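Enquirer: Got a structure here, written out as structure tokens. Questions coming.
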Amino acid sequence: MNTASPTSTTKRKCFWVPTVLFASTGFLALTAVPIYGLMVGYHWYQWLAFALLAALCSLSVTAGNHRLWSHRSYKAHWSLRLFFALFSAAALQNSTLTWSAAHRLHHRHIDDNDRDPYSAMRGFWFSHIDWMMHEYPSSHLDYKNVGDLKRDKIVMWQHNHYIPITLSMNLGIPLALGLLTGDVIGMLLLAGVLRIVVNHHTTFLVNSLAHMWGKRPYKNDISARDNIFLNLLVFGEGYHNYHHAFPADYRNGVGWFAYDPTKWMIKLFSWIGITNDLKTPSAVQIQKAKLSVQFSQAEEKLGGSAHREDWLKLLENEAIQFARALENWKNLQLQRAQCRGDKIAEKWRSLAIQNKVKELEFGLKMQSRRLSRLIKQCQTDSATSS
Ligand SMILES: [Zn+2]
Ligand SMILES: [Zn+2]
């Protein structure tokens, strides 16, 4: 038996359906779309249909396939789930069940070339699109990790009837709009072909570019990165380092002001009862992750500094404060658990605990600021002493 690991030159089985689909839509988007525009021209309402459909499909992938079904970060009314099932099928990225099975493997085995279906460690092309076009050891999905989704009737209906659903969404809607407005070809090219290509490659960039370019403030031992530029194209999914650190959070951009239209939409729907049980980690946990990364960065920067010992003392002091804060946090968690069940005690004590948690959170925020200043000073110190 040949046990040699496959190389980039190894011939692999080609998955023809996605390969032909990506090649043909890409080719038409680069040729027929601009040629028709130059020769016939597009109307504003065709561009509007393109933008609206692209946004609805993208949001159905980010809020539906990703945050609702793959991560169960909130719950949604059946009407919204049905909408997501229809429009994520229109995004033409395989059924929700298959999408989620692969995505859960990606989170579980991130950067493992043999088990992460779109490991960025294999390079841009592989993680962007090639993983869907050729068979790899990581291509195999056994669907054991989506048992919960198999109990969702809408997910299974979409999975079992994927071809007719996706065909009617991708051809039916642009065709109907074209007949209504009197230019079928123009509508098919913009709201059909170009929209599919945009939906494909913006999602694919999260698997490729968001694992290569950007910052890692919450977890620095994985390839996933926060990228604010890419984030503008992908409805909030560009905060990918945060997302890999806290995958069960319904938000990817943490602060309410952080550009994350998917999060805003989920929150808006919760106000009218369409979504509920929106999950978020505690702010202390988020600060803890951030500070752990900062400590390791500070230690790295100390290396070449002429005043290494002084910096080290400062850092040790900070580490002691950090450990104390975490101990306090643990105690507060315990106190919270102890007063559960006793209604009167719960009311009064939970208020006191909440205040203490807020204080702790503020302290950690300040510490994070001190550490980023320390890292910068260490850096200039090392630069001047070298
Ligand atoms: Zn990822
Ligand atoms: Zn995810």
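Residues in the structure tokens are named by chain (A, B, ... in the order shown) and by number from 1 within that chain; ligands are numbered from 1 in the order shown.
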Got a sec to tell me which of stretch 140-224 of chain A DSSP assigns to alpha helix (DSSP H), as a tab-separated table (two decimals) with all heavy atoms, in the first residue's frame?
Expert:
```
chain	number	residue	atom	x	y	z
A	147	GLY	N	-26.13	15.56	13.83
A	147	GLY	CA	-27.32	14.80	14.27
A	147	GLY	C	-28.46	15.74	14.67
A	147	GLY	O	-29.63	15.46	14.39
A	148	ASP	N	-28.11	16.85	15.33
A	148	ASP	CA	-29.14	17.81	15.77
A	148	ASP	C	-29.85	18.43	14.56
A	148	ASP	O	-31.07	18.63	14.58
A	148	ASP	CB	-28.50	18.92	16.62
A	148	ASP	CG	-27.34	19.61	15.92
A	148	ASP	OD1	-26.62	18.95	15.14
A	148	ASP	OD2	-27.16	20.83	16.12
A	149	LEU	N	-29.11	18.69	13.49
A	149	LEU	CA	-29.72	19.32	12.32
A	149	LEU	C	-30.61	18.33	11.55
A	149	LEU	O	-31.56	18.74	10.88
A	149	LEU	CB	-28.65	19.89	11.39
A	149	LEU	CG	-27.73	20.94	12.00
A	149	LEU	CD1	-26.82	21.54	10.93
A	149	LEU	CD2	-28.53	22.07	12.65
A	150	LYS	N	-30.29	17.04	11.69
A	150	LYS	CA	-31.13	16.04	11.01
A	150	LYS	C	-32.54	16.02	11.61
A	150	LYS	O	-33.47	15.50	11.01
A	150	LYS	CB	-30.49	14.65	11.14
A	150	LYS	CG	-29.28	14.49	10.24
A	150	LYS	CD	-28.73	13.09	10.37
A	150	LYS	CE	-27.40	12.97	9.68
A	150	LYS	NZ	-26.68	11.77	10.07
A	153	LYS	N	-36.80	19.76	10.49
A	153	LYS	CA	-37.52	19.37	9.28
A	153	LYS	C	-37.19	20.26	8.09
A	153	LYS	O	-37.14	19.80	6.95
A	153	LYS	CB	-39.03	19.41	9.55
A	153	LYS	CG	-39.49	18.21	10.32
A	153	LYS	CD	-40.98	18.26	10.56
A	153	LYS	CE	-41.37	17.11	11.49
A	153	LYS	NZ	-42.65	17.31	12.10
A	154	ILE	N	-36.99	21.55	8.35
A	154	ILE	CA	-36.71	22.48	7.23
A	154	ILE	C	-35.34	22.18	6.63
A	154	ILE	O	-35.18	22.17	5.40
A	154	ILE	CB	-36.82	23.95	7.73
A	154	ILE	CG1	-38.28	24.23	8.07
A	154	ILE	CG2	-36.28	24.93	6.70
A	154	ILE	CD1	-38.56	25.58	8.66
A	155	VAL	N	-34.35	21.90	7.50
A	155	VAL	CA	-33.00	21.57	7.02
A	155	VAL	C	-33.06	20.31	6.15
A	155	VAL	O	-32.48	20.25	5.06
A	155	VAL	CB	-32.03	21.36	8.21
A	155	VAL	CG1	-30.71	20.76	7.74
A	155	VAL	CG2	-31.78	22.68	8.93
A	156	MET	N	-33.81	19.30	6.61
A	156	MET	CA	-33.86	18.04	5.88
A	156	MET	C	-34.66	18.18	4.58
A	156	MET	O	-34.33	17.57	3.57
A	156	MET	CB	-34.44	16.92	6.77
A	156	MET	CG	-33.52	16.50	7.88
A	156	MET	SD	-31.79	16.37	7.40
A	156	MET	CE	-31.80	14.90	6.41
A	157	TRP	N	-35.71	19.00	4.61
A	157	TRP	CA	-36.50	19.24	3.39
A	157	TRP	C	-35.59	19.88	2.33
A	157	TRP	O	-35.57	19.46	1.17
A	157	TRP	CB	-37.69	20.15	3.71
A	157	TRP	CG	-38.36	20.69	2.49
A	157	TRP	CD1	-39.20	20.01	1.67
A	157	TRP	CD2	-38.21	22.01	1.95
A	157	TRP	NE1	-39.60	20.83	0.63
A	157	TRP	CE2	-39.01	22.07	0.78
A	157	TRP	CE3	-37.49	23.14	2.33
A	157	TRP	CZ2	-39.09	23.21	0.00
A	157	TRP	CZ3	-37.57	24.28	1.57
A	157	TRP	CH2	-38.37	24.31	0.40
A	158	GLN	N	-34.81	20.88	2.76
A	158	GLN	CA	-33.92	21.54	1.80
A	158	GLN	C	-32.84	20.57	1.29
A	158	GLN	O	-32.52	20.54	0.11
A	158	GLN	CB	-33.29	22.77	2.47
A	158	GLN	CG	-32.48	23.64	1.52
A	158	GLN	CD	-31.11	23.95	2.08
A	158	GLN	OE1	-30.44	23.05	2.58
A	158	GLN	NE2	-30.71	25.20	1.96
A	159	HIS	N	-32.31	19.74	2.21
A	159	HIS	CA	-31.25	18.79	1.84
A	159	HIS	C	-31.77	17.75	0.84
A	159	HIS	O	-31.13	17.45	-0.17
A	159	HIS	CB	-30.73	18.10	3.10
A	159	HIS	CG	-29.59	17.17	2.86
A	159	HIS	ND1	-28.32	17.61	2.54
A	159	HIS	CD2	-29.53	15.80	2.86
A	159	HIS	CE1	-27.52	16.57	2.38
A	159	HIS	NE2	-28.23	15.46	2.55
A	160	ASN	N	-32.98	17.24	1.11
A	160	ASN	CA	-33.53	16.17	0.26
A	160	ASN	C	-34.05	16.68	-1.08
A	160	ASN	O	-34.20	15.90	-2.01
A	160	ASN	CB	-34.65	15.43	0.99
A	160	ASN	CG	-34.10	14.64	2.17
A	160	ASN	OD1	-32.96	14.21	2.16
A	160	ASN	ND2	-34.91	14.50	3.22
A	162	TYR	N	-32.67	19.51	-2.68
A	162	TYR	CA	-31.76	20.63	-2.94
A	162	TYR	C	-31.76	21.07	-4.41
A	162	TYR	O	-31.83	22.26	-4.71
A	162	TYR	CB	-30.33	20.26	-2.49
A	162	TYR	CG	-29.39	21.43	-2.60
A	162	TYR	CD1	-29.54	22.54	-1.76
A	162	TYR	CD2	-28.39	21.47	-3.57
A	162	TYR	CE1	-28.71	23.64	-1.87
A	162	TYR	CE2	-27.55	22.57	-3.68
A	162	TYR	CZ	-27.72	23.64	-2.83
A	162	TYR	OH	-26.91	24.73	-2.94
A	163	ILE	N	-31.69	20.10	-5.34
A	163	ILE	CA	-31.59	20.46	-6.77
A	163	ILE	C	-32.81	21.26	-7.24
A	163	ILE	O	-32.64	22.38	-7.76
A	163	ILE	CB	-31.37	19.20	-7.66
A	163	ILE	CG1	-30.14	18.43	-7.19
A	163	ILE	CG2	-31.27	19.57	-9.14
A	163	ILE	CD1	-28.78	19.06	-7.47
A	164	PRO	N	-34.06	20.73	-7.04
A	164	PRO	CA	-35.20	21.55	-7.50
A	164	PRO	C	-35.30	22.90	-6.80
A	164	PRO	O	-35.64	23.90	-7.43
A	164	PRO	CB	-36.43	20.68	-7.20
A	164	PRO	CG	-35.96	19.55	-6.37
A	164	PRO	CD	-34.49	19.40	-6.60
A	165	ILE	N	-34.94	22.95	-5.49
A	165	ILE	CA	-35.04	24.24	-4.77
A	165	ILE	C	-34.02	25.23	-5.34
A	165	ILE	O	-34.35	26.38	-5.67
A	165	ILE	CB	-34.81	24.06	-3.25
A	165	ILE	CG1	-35.92	23.20	-2.64
A	165	ILE	CG2	-34.78	25.42	-2.54
A	165	ILE	CD1	-35.69	22.80	-1.19
A	166	THR	N	-32.79	24.78	-5.48
A	166	THR	CA	-31.74	25.71	-5.94
A	166	THR	C	-31.99	26.14	-7.39
A	166	THR	O	-31.77	27.30	-7.76
A	166	THR	CB	-30.32	25.12	-5.72
A	166	THR	OG1	-29.41	26.19	-5.76
A	166	THR	CG2	-29.94	24.08	-6.72
A	167	LEU	N	-32.50	25.22	-8.22
A	167	LEU	CA	-32.78	25.59	-9.62
A	167	LEU	C	-33.92	26.60	-9.68
A	167	LEU	O	-33.83	27.60	-10.41
A	167	LEU	CB	-33.16	24.35	-10.44
A	167	LEU	CG	-31.98	23.50	-10.91
A	167	LEU	CD1	-32.48	22.27	-11.65
A	167	LEU	CD2	-31.03	24.30	-11.81
A	173	ILE	N	-36.36	32.99	-10.03
A	173	ILE	CA	-36.50	34.39	-9.60
A	173	ILE	C	-36.00	35.36	-10.68
A	173	ILE	O	-36.74	36.25	-11.10
A	173	ILE	CB	-35.82	34.64	-8.23
A	173	ILE	CG1	-36.56	33.86	-7.15
A	173	ILE	CG2	-35.78	36.13	-7.90
A	173	ILE	CD1	-36.01	34.02	-5.74
A	174	PRO	N	-34.75	35.20	-11.20
A	174	PRO	CA	-34.30	36.13	-12.25
A	174	PRO	C	-35.18	36.07	-13.50
A	174	PRO	O	-35.45	37.09	-14.13
A	174	PRO	CB	-32.88	35.67	-12.57
A	174	PRO	CG	-32.45	34.89	-11.39
A	174	PRO	CD	-33.67	34.28	-10.81
A	175	LEU	N	-35.66	34.85	-13.82
A	175	LEU	CA	-36.52	34.69	-15.00
A	175	LEU	C	-37.83	35.45	-14.82
A	175	LEU	O	-38.26	36.20	-15.71
A	175	LEU	CB	-36.79	33.19	-15.21
A	175	LEU	CG	-37.14	32.74	-16.62
A	175	LEU	CD1	-35.95	32.92	-17.55
A	175	LEU	CD2	-37.57	31.27	-16.62
A	176	ALA	N	-38.44	35.28	-13.67
A	176	ALA	CA	-39.70	35.97	-13.38
A	176	ALA	C	-39.50	37.48	-13.39
A	176	ALA	O	-40.31	38.22	-13.98
A	176	ALA	CB	-40.24	35.52	-12.03
A	177	LEU	N	-38.42	37.95	-12.75
A	177	LEU	CA	-38.15	39.39	-12.72
A	177	LEU	C	-37.87	39.92	-14.12
A	177	LEU	O	-38.28	41.02	-14.49
A	177	LEU	CB	-36.94	39.69	-11.81
A	177	LEU	CG	-37.16	39.49	-10.30
A	177	LEU	CD1	-35.85	39.67	-9.55
A	177	LEU	CD2	-38.19	40.49	-9.77
A	178	GLY	N	-37.18	39.09	-14.94
A	178	GLY	CA	-36.87	39.49	-16.32
A	178	GLY	C	-38.14	39.61	-17.16
A	178	GLY	O	-38.31	40.57	-17.91
A	179	LEU	N	-39.04	38.65	-16.97
A	179	LEU	CA	-40.31	38.70	-17.73
A	179	LEU	C	-41.14	39.91	-17.31
A	179	LEU	O	-41.76	40.56	-18.14
A	179	LEU	CB	-41.11	37.40	-17.51
A	179	LEU	CG	-40.53	36.15	-18.20
A	179	LEU	CD1	-41.23	34.89	-17.73
A	179	LEU	CD2	-40.62	36.28	-19.72
A	180	LEU	N	-41.11	40.21	-16.01
A	180	LEU	CA	-41.87	41.35	-15.50
A	180	LEU	C	-41.35	42.68	-16.04
A	180	LEU	O	-42.12	43.60	-16.30
A	180	LEU	CB	-41.76	41.38	-13.97
A	180	LEU	CG	-42.84	40.67	-13.17
A	180	LEU	CD1	-42.48	40.68	-11.69
A	180	LEU	CD2	-44.20	41.35	-13.37
A	181	THR	N	-40.00	42.75	-16.17
A	181	THR	CA	-39.40	44.04	-16.57
A	181	THR	C	-39.07	44.10	-18.06
A	181	THR	O	-38.63	45.15	-18.55
A	181	THR	CB	-38.12	44.30	-15.74
A	181	THR	OG1	-37.29	43.14	-15.83
A	181	THR	CG2	-38.43	44.58	-14.29
A	184	VAL	N	-35.16	39.66	-20.11
A	184	VAL	CA	-34.83	38.41	-19.42
A	184	VAL	C	-33.31	38.20	-19.37
A	184	VAL	O	-32.75	37.86	-18.32
A	184	VAL	CB	-35.53	37.21	-20.12
A	184	VAL	CG1	-35.06	35.89	-19.55
A	184	VAL	CG2	-37.04	37.35	-19.96
A	185	ILE	N	-32.64	38.42	-20.51
A	185	ILE	CA	-31.19	38.14	-20.55
A	185	ILE	C	-30.43	39.04	-19.57
A	185	ILE	O	-29.58	38.58	-18.81
A	185	ILE	CB	-30.64	38.31	-21.99
A	185	ILE	CG1	-31.29	37.25	-22.88
A	185	ILE	CG2	-29.12	38.15	-22.03
A	185	ILE	CD1	-30.98	37.36	-24.34
A	186	GLY	N	-30.74	40.33	-19.58
A	186	GLY	CA	-30.06	41.27	-18.68
A	186	GLY	C	-30.25	40.87	-17.23
A	186	GLY	O	-29.30	40.87	-16.43
A	187	MET	N	-31.48	40.49	-16.87
A	187	MET	CA	-31.77	40.11	-15.49
A	187	MET	C	-31.06	38.80	-15.13
A	187	MET	O	-30.51	38.66	-14.03
A	187	MET	CB	-33.29	39.97	-15.31
A	187	MET	CG	-33.74	39.95	-13.88
A	187	MET	SD	-33.28	41.41	-12.93
A	187	MET	CE	-34.74	42.44	-13.09
A	195	ARG	N	-24.52	37.64	-9.61
A	195	ARG	CA	-24.87	37.53	-8.19
A	195	ARG	C	-24.34	36.22	-7.60
A	195	ARG	O	-23.78	36.21	-6.50
A	195	ARG	CB	-26.40	37.62	-8.06
A	195	ARG	CG	-26.90	37.85	-6.66
A	195	ARG	CD	-27.44	36.63	-6.01
A	195	ARG	NE	-28.22	35.81	-6.93
A	195	ARG	CZ	-28.27	34.50	-6.85
A	195	ARG	NH1	-27.60	33.87	-5.91
A	195	ARG	NH2	-28.97	33.78	-7.72
A	196	ILE	N	-24.42	35.12	-8.35
A	196	ILE	CA	-23.89	33.84	-7.84
A	196	ILE	C	-22.39	33.93	-7.63
A	196	ILE	O	-21.86	33.53	-6.59
A	196	ILE	CB	-24.21	32.67	-8.83
A	196	ILE	CG1	-25.69	32.33	-8.76
A	196	ILE	CG2	-23.36	31.45	-8.51
A	196	ILE	CD1	-26.12	31.29	-9.79
A	197	VAL	N	-21.69	34.53	-8.62
A	197	VAL	CA	-20.23	34.63	-8.53
A	197	VAL	C	-19.84	35.48	-7.31
A	197	VAL	O	-18.92	35.13	-6.56
A	197	VAL	CB	-19.64	35.21	-9.84
A	197	VAL	CG1	-18.15	35.48	-9.71
A	197	VAL	CG2	-19.89	34.22	-10.98
A	198	VAL	N	-20.55	36.59	-7.11
A	198	VAL	CA	-20.25	37.45	-5.95
A	198	VAL	C	-20.55	36.71	-4.64
A	198	VAL	O	-19.73	36.70	-3.72
A	198	VAL	CB	-21.07	38.78	-6.04
A	198	VAL	CG1	-21.02	39.54	-4.73
A	198	VAL	CG2	-20.52	39.64	-7.17
A	199	ASN	N	-21.70	36.03	-4.58
A	199	ASN	CA	-22.04	35.24	-3.38
A	199	ASN	C	-20.98	34.17	-3.11
A	199	ASN	O	-20.57	33.97	-1.97
A	199	ASN	CB	-23.39	34.54	-3.54
A	199	ASN	CG	-24.57	35.45	-3.22
A	199	ASN	OD1	-25.65	35.28	-3.76
A	199	ASN	ND2	-24.37	36.43	-2.35
A	200	HIS	N	-20.54	33.50	-4.16
A	200	HIS	CA	-19.53	32.45	-3.98
A	200	HIS	C	-18.24	33.02	-3.41
A	200	HIS	O	-17.79	32.64	-2.35
A	200	HIS	CB	-19.21	31.79	-5.34
A	200	HIS	CG	-20.17	30.68	-5.67
A	200	HIS	ND1	-20.29	30.17	-6.93
A	200	HIS	CD2	-21.06	30.00	-4.91
A	200	HIS	CE1	-21.21	29.22	-6.92
A	200	HIS	NE2	-21.69	29.10	-5.72
A	201	HIS	N	-17.66	33.97	-4.15
A	201	HIS	CA	-16.29	34.37	-3.79
A	201	HIS	C	-16.21	35.19	-2.51
A	201	HIS	O	-15.18	35.15	-1.83
A	201	HIS	CB	-15.61	35.05	-4.98
A	201	HIS	CG	-15.33	34.06	-6.06
A	201	HIS	ND1	-14.26	33.20	-6.01
A	201	HIS	CD2	-16.04	33.74	-7.18
A	201	HIS	CE1	-14.30	32.40	-7.07
A	201	HIS	NE2	-15.38	32.70	-7.80
A	202	THR	N	-17.28	35.92	-2.16
A	202	THR	CA	-17.21	36.63	-0.88
A	202	THR	C	-17.21	35.61	0.27
A	202	THR	O	-16.42	35.73	1.20
A	202	THR	CB	-18.38	37.64	-0.72
A	202	THR	OG1	-19.60	37.01	-1.08
A	202	THR	CG2	-18.17	38.88	-1.57
A	203	THR	N	-18.07	34.60	0.18
A	203	THR	CA	-18.05	33.56	1.23
A	203	THR	C	-16.71	32.83	1.24
A	203	THR	O	-16.13	32.60	2.31
A	203	THR	CB	-19.18	32.51	1.00
A	203	THR	OG1	-20.43	33.19	0.95
A	203	THR	CG2	-19.23	31.48	2.11
A	204	PHE	N	-16.21	32.49	0.05
A	204	PHE	CA	-14.96	31.72	-0.01
A	204	PHE	C	-13.78	32.50	0.58
A	204	PHE	O	-12.84	31.91	1.10
A	204	PHE	CB	-14.63	31.33	-1.46
A	204	PHE	CG	-15.70	30.48	-2.13
A	204	PHE	CD1	-15.68	30.29	-3.52
A	204	PHE	CD2	-16.72	29.89	-1.41
A	204	PHE	CE1	-16.65	29.53	-4.15
A	204	PHE	CE2	-17.70	29.12	-2.02
A	204	PHE	CZ	-17.67	28.95	-3.39
A	205	LEU	N	-13.84	33.84	0.48
A	205	LEU	CA	-12.74	34.66	1.02
A	205	LEU	C	-12.62	34.51	2.54
A	205	LEU	O	-11.54	34.68	3.10
A	205	LEU	CB	-12.95	36.14	0.67
A	205	LEU	CG	-12.54	36.54	-0.75
A	205	LEU	CD1	-12.98	37.96	-1.05
A	205	LEU	CD2	-11.03	36.40	-0.97
A	206	VAL	N	-13.74	34.18	3.20
A	206	VAL	CA	-13.67	33.98	4.66
A	206	VAL	C	-12.82	32.74	4.96
A	206	VAL	O	-12.06	32.71	5.92
A	206	VAL	CB	-15.08	33.84	5.28
A	206	VAL	CG1	-15.00	33.62	6.77
A	206	VAL	CG2	-15.91	35.08	4.98
A	207	ASN	N	-12.94	31.72	4.10
A	207	ASN	CA	-12.15	30.50	4.32
A	207	ASN	C	-10.69	30.67	3.92
A	207	ASN	O	-9.82	30.00	4.45
A	207	ASN	CB	-12.73	29.33	3.50
A	207	ASN	CG	-14.15	29.02	3.89
A	207	ASN	OD1	-14.56	29.32	5.00
A	207	ASN	ND2	-14.91	28.43	2.98
```
Enquirer: Please find the residues contacting ligand 1 at a distance of at most 7 Å between atoms, with only C-alpha atoms and all ligand atoms counted, and report them as a list in words.
Expert: His106, His107, Val206, Asn207, His211, Ala224, His240 and His244 of chain A
Enquirer: Could you dump the residues just selected with all heavy atoms as a JSON list (two decimals), in the first residue's frame?
Expert:
```json
[["chain", "number", "residue", "atom", "x", "y", "z"],
["A", 106, "HIS", "N", -14.34, 22.09, 10.19],
["A", 106, "HIS", "CA", -13.35, 23.18, 10.07],
["A", 106, "HIS", "C", -13.02, 23.75, 11.44],
["A", 106, "HIS", "O", -11.85, 23.97, 11.78],
["A", 106, "HIS", "CB", -13.92, 24.26, 9.14],
["A", 106, "HIS", "CG", -13.15, 25.54, 9.16],
["A", 106, "HIS", "ND1", -11.83, 25.62, 8.77],
["A", 106, "HIS", "CD2", -13.53, 26.80, 9.51],
["A", 106, "HIS", "CE1", -11.43, 26.89, 8.89],
["A", 106, "HIS", "NE2", -12.44, 27.62, 9.34],
["A", 107, "HIS", "N", -14.04, 23.98, 12.27],
["A", 107, "HIS", "CA", -13.80, 24.53, 13.62],
["A", 107, "HIS", "C", -13.09, 23.51, 14.50],
["A", 107, "HIS", "O", -12.18, 23.86, 15.24],
["A", 107, "HIS", "CB", -15.12, 24.93, 14.28],
["A", 107, "HIS", "CG", -15.51, 26.33, 13.93],
["A", 107, "HIS", "ND1", -15.20, 27.41, 14.70],
["A", 107, "HIS", "CD2", -16.18, 26.83, 12.86],
["A", 107, "HIS", "CE1", -15.66, 28.52, 14.14],
["A", 107, "HIS", "NE2", -16.26, 28.20, 13.02],
["A", 206, "VAL", "N", -13.74, 34.18, 3.20],
["A", 206, "VAL", "CA", -13.67, 33.98, 4.66],
["A", 206, "VAL", "C", -12.82, 32.74, 4.96],
["A", 206, "VAL", "O", -12.06, 32.71, 5.92],
["A", 206, "VAL", "CB", -15.08, 33.84, 5.28],
["A", 206, "VAL", "CG1", -15.00, 33.62, 6.77],
["A", 206, "VAL", "CG2", -15.91, 35.08, 4.98],
["A", 207, "ASN", "N", -12.94, 31.72, 4.10],
["A", 207, "ASN", "CA", -12.15, 30.50, 4.32],
["A", 207, "ASN", "C", -10.69, 30.67, 3.92],
["A", 207, "ASN", "O", -9.82, 30.00, 4.45],
["A", 207, "ASN", "CB", -12.73, 29.33, 3.50],
["A", 207, "ASN", "CG", -14.15, 29.02, 3.89],
["A", 207, "ASN", "OD1", -14.56, 29.32, 5.00],
["A", 207, "ASN", "ND2", -14.91, 28.43, 2.98],
["A", 211, "HIS", "N", -8.04, 33.72, 6.81],
["A", 211, "HIS", "CA", -7.12, 32.84, 7.55],
["A", 211, "HIS", "C", -5.67, 33.20, 7.22],
["A", 211, "HIS", "O", -4.76, 32.47, 7.58],
["A", 211, "HIS", "CB", -7.38, 31.37, 7.21],
["A", 211, "HIS", "CG", -8.53, 30.79, 7.98],
["A", 211, "HIS", "ND1", -8.36, 30.06, 9.12],
["A", 211, "HIS", "CD2", -9.86, 30.87, 7.78],
["A", 211, "HIS", "CE1", -9.54, 29.69, 9.60],
["A", 211, "HIS", "NE2", -10.47, 30.18, 8.80],
["A", 224, "ALA", "N", -6.91, 31.79, 11.86],
["A", 224, "ALA", "CA", -8.04, 32.71, 11.65],
["A", 224, "ALA", "C", -7.70, 34.12, 12.11],
["A", 224, "ALA", "O", -7.09, 34.30, 13.17],
["A", 224, "ALA", "CB", -9.26, 32.20, 12.41],
["A", 240, "HIS", "N", -12.94, 37.10, 12.02],
["A", 240, "HIS", "CA", -12.87, 35.65, 12.00],
["A", 240, "HIS", "C", -12.02, 35.08, 13.14],
["A", 240, "HIS", "O", -12.24, 33.94, 13.56],
["A", 240, "HIS", "CB", -12.34, 35.20, 10.64],
["A", 240, "HIS", "CG", -12.78, 33.83, 10.27],
["A", 240, "HIS", "ND1", -14.10, 33.45, 10.27],
["A", 240, "HIS", "CD2", -12.08, 32.73, 9.90],
["A", 240, "HIS", "CE1", -14.19, 32.18, 9.92],
["A", 240, "HIS", "NE2", -12.97, 31.72, 9.70],
["A", 244, "HIS", "N", -13.52, 32.33, 15.74],
["A", 244, "HIS", "CA", -12.94, 31.02, 16.09],
["A", 244, "HIS", "C", -12.68, 30.91, 17.59],
["A", 244, "HIS", "O", -12.68, 29.81, 18.13],
["A", 244, "HIS", "CB", -11.66, 30.77, 15.30],
["A", 244, "HIS", "CG", -11.92, 30.10, 13.98],
["A", 244, "HIS", "ND1", -12.00, 28.75, 13.83],
["A", 244, "HIS", "CD2", -12.15, 30.63, 12.75],
["A", 244, "HIS", "CE1", -12.26, 28.44, 12.56],
["A", 244, "HIS", "NE2", -12.35, 29.57, 11.88]]
```
Enquirer: At a cut-off of 8 Å around ligand 2, and using only C-alpha atoms and all ligand atoms, what residues come up? Please write them as number ranges by chain.
Expert: A: 66-67, 70-71, 103-104, 106-107, 243-244, 247
Enquirer: Would you export the selected residues with C-alpha atoms as an mmCIF file, in the first residue's frame, please?
Expert:
```
data_model
loop_
_atom_site.group_PDB
_atom_site.id
_atom_site.type_symbol
_atom_site.label_atom_id
_atom_site.label_comp_id
_atom_site.auth_asym_id
_atom_site.auth_seq_id
_atom_site.Cartn_x
_atom_site.Cartn_y
_atom_site.Cartn_z
ATOM 1 C CA HIS A 66 -23.381 29.739 9.730
ATOM 2 C CA ARG A 67 -24.575 31.309 12.983
ATOM 3 C CA SER A 70 -23.611 25.407 12.234
ATOM 4 C CA HIS A 71 -23.131 27.074 15.632
ATOM 5 C CA HIS A 103 -18.001 23.905 8.815
ATOM 6 C CA ARG A 104 -18.158 22.075 12.138
ATOM 7 C CA HIS A 106 -13.349 23.175 10.066
ATOM 8 C CA HIS A 107 -13.800 24.528 13.616
ATOM 9 C CA HIS A 243 -15.366 33.946 15.754
ATOM 10 C CA HIS A 244 -12.939 31.023 16.088
ATOM 11 C CA PRO A 247 -17.913 30.323 17.877
#
```
Enquirer: Residues within 9 Å of A:Leu291, please, as a list in words. Count only C-alpha atoms; anything in the same chain fewer than 3 positions from it doesn't count.
Expert: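 Counting only the stated atoms, we get Pro217, Tyr218, Ile286, Gln287, Lys288, Gln294, Phe295, Ser296, Phe322, Leu364, Lys365, Gln367, Ser368 and Leu371 of chain A.
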Enquirer: May I have the residues from that selection written out with N, CA and C atoms, as a compact mmCIF listing (two decimals), in the first residue's frame?
Expert:
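The result, written out as out-v1.txt:
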```txt
# COMPACT_ATOMS: atom_id res chain seq x y z
N PRO A 217 -6.22 39.02 17.70
CA PRO A 217 -6.24 39.54 19.08
C PRO A 217 -6.81 38.59 20.13
N TYR A 218 -7.54 37.56 19.73
CA TYR A 218 -8.21 36.72 20.73
C TYR A 218 -7.62 35.31 20.86
N ILE A 286 -14.10 37.35 27.32
CA ILE A 286 -13.53 37.96 26.12
C ILE A 286 -12.24 38.71 26.48
N GLN A 287 -12.29 39.48 27.58
CA GLN A 287 -11.09 40.21 28.01
C GLN A 287 -9.97 39.24 28.39
N LYS A 288 -10.35 38.13 29.00
CA LYS A 288 -9.36 37.12 29.40
C LYS A 288 -8.60 36.59 28.18
N GLN A 294 -2.11 39.12 24.66
CA GLN A 294 -1.22 40.25 24.90
C GLN A 294 -0.02 39.85 25.75
N PHE A 295 -0.23 38.99 26.75
CA PHE A 295 0.89 38.53 27.57
C PHE A 295 1.92 37.80 26.71
N SER A 296 1.44 36.93 25.83
CA SER A 296 2.41 36.18 25.02
C SER A 296 3.12 37.12 24.04
N PHE A 322 -3.56 39.90 36.87
CA PHE A 322 -4.42 39.12 35.97
C PHE A 322 -4.90 37.85 36.67
N LEU A 364 -9.99 44.71 33.83
CA LEU A 364 -9.31 43.93 32.77
C LEU A 364 -9.13 44.77 31.52
N LYS A 365 -10.12 45.62 31.22
CA LYS A 365 -10.01 46.51 30.05
C LYS A 365 -8.83 47.45 30.22
N GLN A 367 -6.26 46.94 32.09
CA GLN A 367 -5.03 46.16 32.02
C GLN A 367 -4.64 45.89 30.57
N SER A 368 -5.66 45.63 29.74
CA SER A 368 -5.39 45.39 28.33
C SER A 368 -4.76 46.62 27.69
N LEU A 371 -1.17 46.90 28.81
CA LEU A 371 -0.33 45.92 28.14
C LEU A 371 -0.03 46.34 26.70
```
Enquirer: May I have the residues within 9 Å of stretch 250-267 of chain A as JSON, numbers by chain, using only C-alpha atoms and disregarding those fewer than 4 positions away in the same chain?
Expert: {"A": [59, 62, 63, 67, 68, 71, 72, 73, 74, 76, 228, 231, 232, 234, 235, 236, 237, 238, 239, 240, 241, 242, 243, 246, 271, 274, 275, 276, 278, 279, 280]}
